[in-house]
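Below is one structure, written out as structure tokens, with a few remarks after it.
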Amino acid sequence: MCVVEWGGLETSTLIFYVVVMLASAKLLEIPFRRLNLNPIPAYVLAGFIVGPYVLGIIEFYLELTSIAYLGLILLMLYTGLTTEFREIKSNFKEVVAMGSLGIIVTFIAVYTYLWLLGFPSIISLFIAVALSNTATETVAGVLARSGESKLRSLVIGASFFDDIIAVYLITLLTGFGLRELSIEDLLAFTAKTVAFIAIAFYISSLFSSKYTRIYQYMSKNYFWFASSVVLIALVLALIARMVGLSELLGAYLAGVIISRSREFHDPMLRTRIALTNFISDFAVILDVIFIPIFFVYVGLSYSIREVDVILYASLLTLAMIGKFIGVYPYAYTVFRDRSSAIAAGILMGSRGSLDIALLRLGLEAELIDQTVFSTVLTVALTTTILTPLIYTIVYKGKAV
């Protein structure tokens, strides 16, 4: 019998690892689903259990890294596909202000605290960035059945804006690694990123207004539509990499370009139906295979013994309070309702997939060590669990 090897790892072993990763993830996912909680913490916990720090069933191999990273690229594509560009555009001022204030206050609080503790500036910067984002998937899940349409629209829009900032910062930090950034480097990189994003948005505007036949042609056949979406995402990811940016940015923008097919007038609704069906089918594939594999892979590096308890407690407090203080005052001026403003401040405190992905990339790039990784990861996972619970308790009078 011919035994195929992938970089030193036998095919049978690779399949065994994938089976263990998926089986453990789905087993631990059950109680989280029953409690209507985001299953990401369960996946990370599964990786911790089957990884080298507990059972030692799975070891690190390049093949696992490649599979996991493909899952991350597809996750970024999905994030772009589910971005409601018109929703952000129609409430642009409120969305940008709410998202920015939450990011700025949290970033300053975390960075200043770590700087006072004597952490190197690059590590303080990295942790502050990782804890400044809001998890769109958690926010959307919590608000899915909410009757407060304005709250849902603005908070999800603000979290999408957070995602765009997070993608930029991921690209920045992973692109420069341990190098100290000069003003010239930062300006040049920012200009390159802004130009890349602007071109992608301009193309998407042309497609959704003047060249709508492109979307119509893609959607004539569902399988052609699905193939085109994945191909466009991979091509843009490759282009982003070639110009010195992150593949994640390219995949995300590809999703945004395709998502704008909702905007043009299509009497037959063929394109909208194709997009809706694809997002639904794509979400199933991600939930069943790629998202669990990626976060189990993250969990392989997680060690609860490495968690600095004092640092964990302080960062968790700053992460939750920073978002609330940043969002609540402005949200109150928008909603003119204290309970809605409180709900917005609570919901914007959740961290999720992008933050955890950034931590994993930082560990691989040796920006952070194992203790920082495990501690900040625990903070992110805790907010993922706490946010829906706090929202339900505090806002249950208006939640549906």
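Convention: chains lettered A, B, ... in structure tokens order; per-chain residue numbering from 1; ligands numbered from 1 as shown.
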Can you tell me, as a PyMOL selection string, what residues are no more than 12 Å from stretch 328-331 of chain A when counting only C-alpha atoms, ignoring any on the same chain fewer than 6 positions away?
chain A and resi 93-102+105+150-151+154-155+158+320-322+337-349
Write out as a VMD selection string which residues come within 9 Å of stretch 182-199 of chain A when counting only C-alpha atoms, dropping same-chain ones fewer than 2 positions away.
chain A and resid 168 171 to 172 180 201 to 204 240 243 to 245 249 to 250 253
Mind the document's chain letters and residue numbers, and return as a short mmCIF file (atom, residue, chain, number, x, y, z; two decimals) with C-alpha atoms, in the first residue's frame the residues of stretch 198-291 of chain A that DSSP labels helix (DSSP H, G or I).
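Heads up, here's the output in result.cif:
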```cif
data_model
loop_
_atom_site.label_atom_id
_atom_site.label_comp_id
_atom_site.auth_asym_id
_atom_site.auth_seq_id
_atom_site.Cartn_x
_atom_site.Cartn_y
_atom_site.Cartn_z
CA ALA A 198 -10.51 52.42 -1.57
CA ILE A 199 -9.94 50.58 -4.85
CA ALA A 200 -11.94 47.59 -3.63
CA PHE A 201 -14.82 49.83 -2.52
CA TYR A 202 -14.70 51.73 -5.81
CA ILE A 203 -14.89 48.49 -7.78
CA SER A 204 -17.78 47.32 -5.62
CA SER A 205 -19.58 50.63 -6.28
CA LEU A 206 -19.13 50.20 -10.03
CA PHE A 207 -20.42 46.62 -9.87
CA SER A 208 -23.48 47.61 -7.82
CA SER A 209 -24.39 50.64 -9.99
CA THR A 212 -24.65 45.08 -12.50
CA ARG A 213 -24.55 42.51 -15.31
CA ILE A 214 -21.47 41.04 -13.67
CA TYR A 215 -23.54 40.08 -10.62
CA GLN A 216 -26.39 38.92 -12.85
CA TYR A 217 -24.08 36.76 -14.93
CA MET A 218 -22.53 35.21 -11.82
CA TYR A 222 -25.72 28.82 -8.34
CA PHE A 223 -22.67 26.57 -8.58
CA TRP A 224 -20.96 29.12 -10.84
CA PHE A 225 -21.83 31.82 -8.30
CA ALA A 226 -20.36 29.84 -5.42
CA SER A 227 -17.20 29.01 -7.37
CA SER A 228 -16.78 32.63 -8.43
CA VAL A 229 -17.08 33.94 -4.86
CA VAL A 230 -14.41 31.59 -3.50
CA LEU A 231 -12.13 32.24 -6.47
CA ILE A 232 -12.47 36.03 -6.16
CA ALA A 233 -11.66 35.78 -2.45
CA LEU A 234 -8.52 33.73 -3.03
CA VAL A 235 -7.36 35.96 -5.89
CA LEU A 236 -7.79 39.14 -3.81
CA ALA A 237 -6.06 37.43 -0.88
CA LEU A 238 -3.15 36.61 -3.17
CA ILE A 239 -3.01 40.17 -4.57
CA ALA A 240 -3.04 41.61 -1.05
CA ARG A 241 -0.13 39.36 -0.14
CA MET A 242 1.80 40.34 -3.26
CA GLU A 247 -4.34 37.84 2.87
CA LEU A 248 -7.07 38.40 5.44
CA LEU A 249 -7.68 41.92 4.16
CA GLY A 250 -8.04 40.66 0.59
CA ALA A 251 -10.50 37.94 1.59
CA TYR A 252 -12.56 40.36 3.67
CA LEU A 253 -12.79 42.92 0.86
CA ALA A 254 -13.77 40.20 -1.60
CA GLY A 255 -16.70 39.42 0.67
CA VAL A 256 -17.68 43.11 0.78
CA ILE A 257 -17.56 43.37 -3.02
CA ILE A 258 -19.85 40.36 -3.41
CA SER A 259 -22.14 41.47 -0.58
CA ARG A 260 -22.96 44.68 -2.45
CA SER A 261 -24.84 42.62 -5.03
CA ARG A 262 -27.82 43.19 -2.70
CA ARG A 270 -31.88 36.06 -8.74
CA THR A 271 -28.66 37.61 -7.40
CA ARG A 272 -30.05 38.27 -3.94
CA ILE A 273 -31.33 34.70 -3.72
CA ALA A 274 -27.99 33.30 -4.87
CA LEU A 275 -26.12 35.39 -2.30
CA THR A 276 -28.51 34.46 0.52
CA ASN A 277 -28.31 30.76 -0.34
CA PHE A 278 -24.53 30.89 -0.61
CA ILE A 279 -24.11 32.63 2.75
CA SER A 280 -26.39 30.05 4.33
CA ASP A 281 -24.55 27.10 2.78
CA PHE A 282 -21.15 28.66 3.41
CA ALA A 283 -22.01 29.24 7.08
CA VAL A 284 -22.80 25.55 7.46
CA ILE A 285 -19.45 24.53 5.96
CA LEU A 286 -17.62 26.98 8.20
CA ASP A 287 -19.51 25.89 11.32
CA VAL A 288 -19.07 22.21 10.62
CA ILE A 289 -15.43 22.15 9.50
CA PHE A 290 -13.26 25.24 9.23
CA ILE A 291 -14.21 27.34 12.27
#
```
Across A:Leu318, A:Ser374, A:Thr382, A:Ala130, the smallest distance to A:Asp355, with only C-alpha atoms counted, is shown by A:Ala130
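In this comparison, which uses only C-alpha atoms, the residue of A:Gly299, A:Gly326, A:Pro388, A:Gly362 approaching A:Val50 most closely is A:Gly299.
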Could you pull the residues within 7 Å of stretch 115-126 of chain A, counting only C-alpha atoms, minus those fewer than 4 positions along the same chain, as a list in words?
Tyr111, Ala130, Leu367 and Ile368 of chain A
Just write the chosen residues, C-alpha atoms, as a PDB file, in the first residue's frame.
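See part_30.pdb below for the written result:
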```pdb
ATOM      1  CA  TYR A 111      -2.038  50.347  26.583  1.00  0.00           C
ATOM      2  CA  ALA A 130      -6.312  42.631  20.374  1.00  0.00           C
ATOM      3  CA  LEU A 367       5.343  39.165  19.124  1.00  0.00           C
ATOM      4  CA  ILE A 368       3.997  37.736  22.380  1.00  0.00           C
TER       5      ILE A 368
END
```
Shortest contact to A:Leu114, candidates A:Thr82, A:Thr383, A:Ser314, A:Ser350, atoms counted only C-alpha atoms, goes to A:Ser314
Residues near stretch 358-361 of chain A, anyone? I mean within 12 Å using only C-alpha atoms, not counting same-chain ones fewer than 4 positions away, as a VMD selection string.
chain A and resid 44 65 68 to 69 72 123 126 to 133 163 166 to 175 177 246 248 294 to 302 351 to 354 365 to 381
Distance of atom CA of A:Val394 from atom CA of A:Tyr43, expressed in Å to one decimal place
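These atoms are spaced 27.6 Å apart.
Atom CA of A:Thr134 is positioned 12.9 Å from atom CA of A:Thr79.
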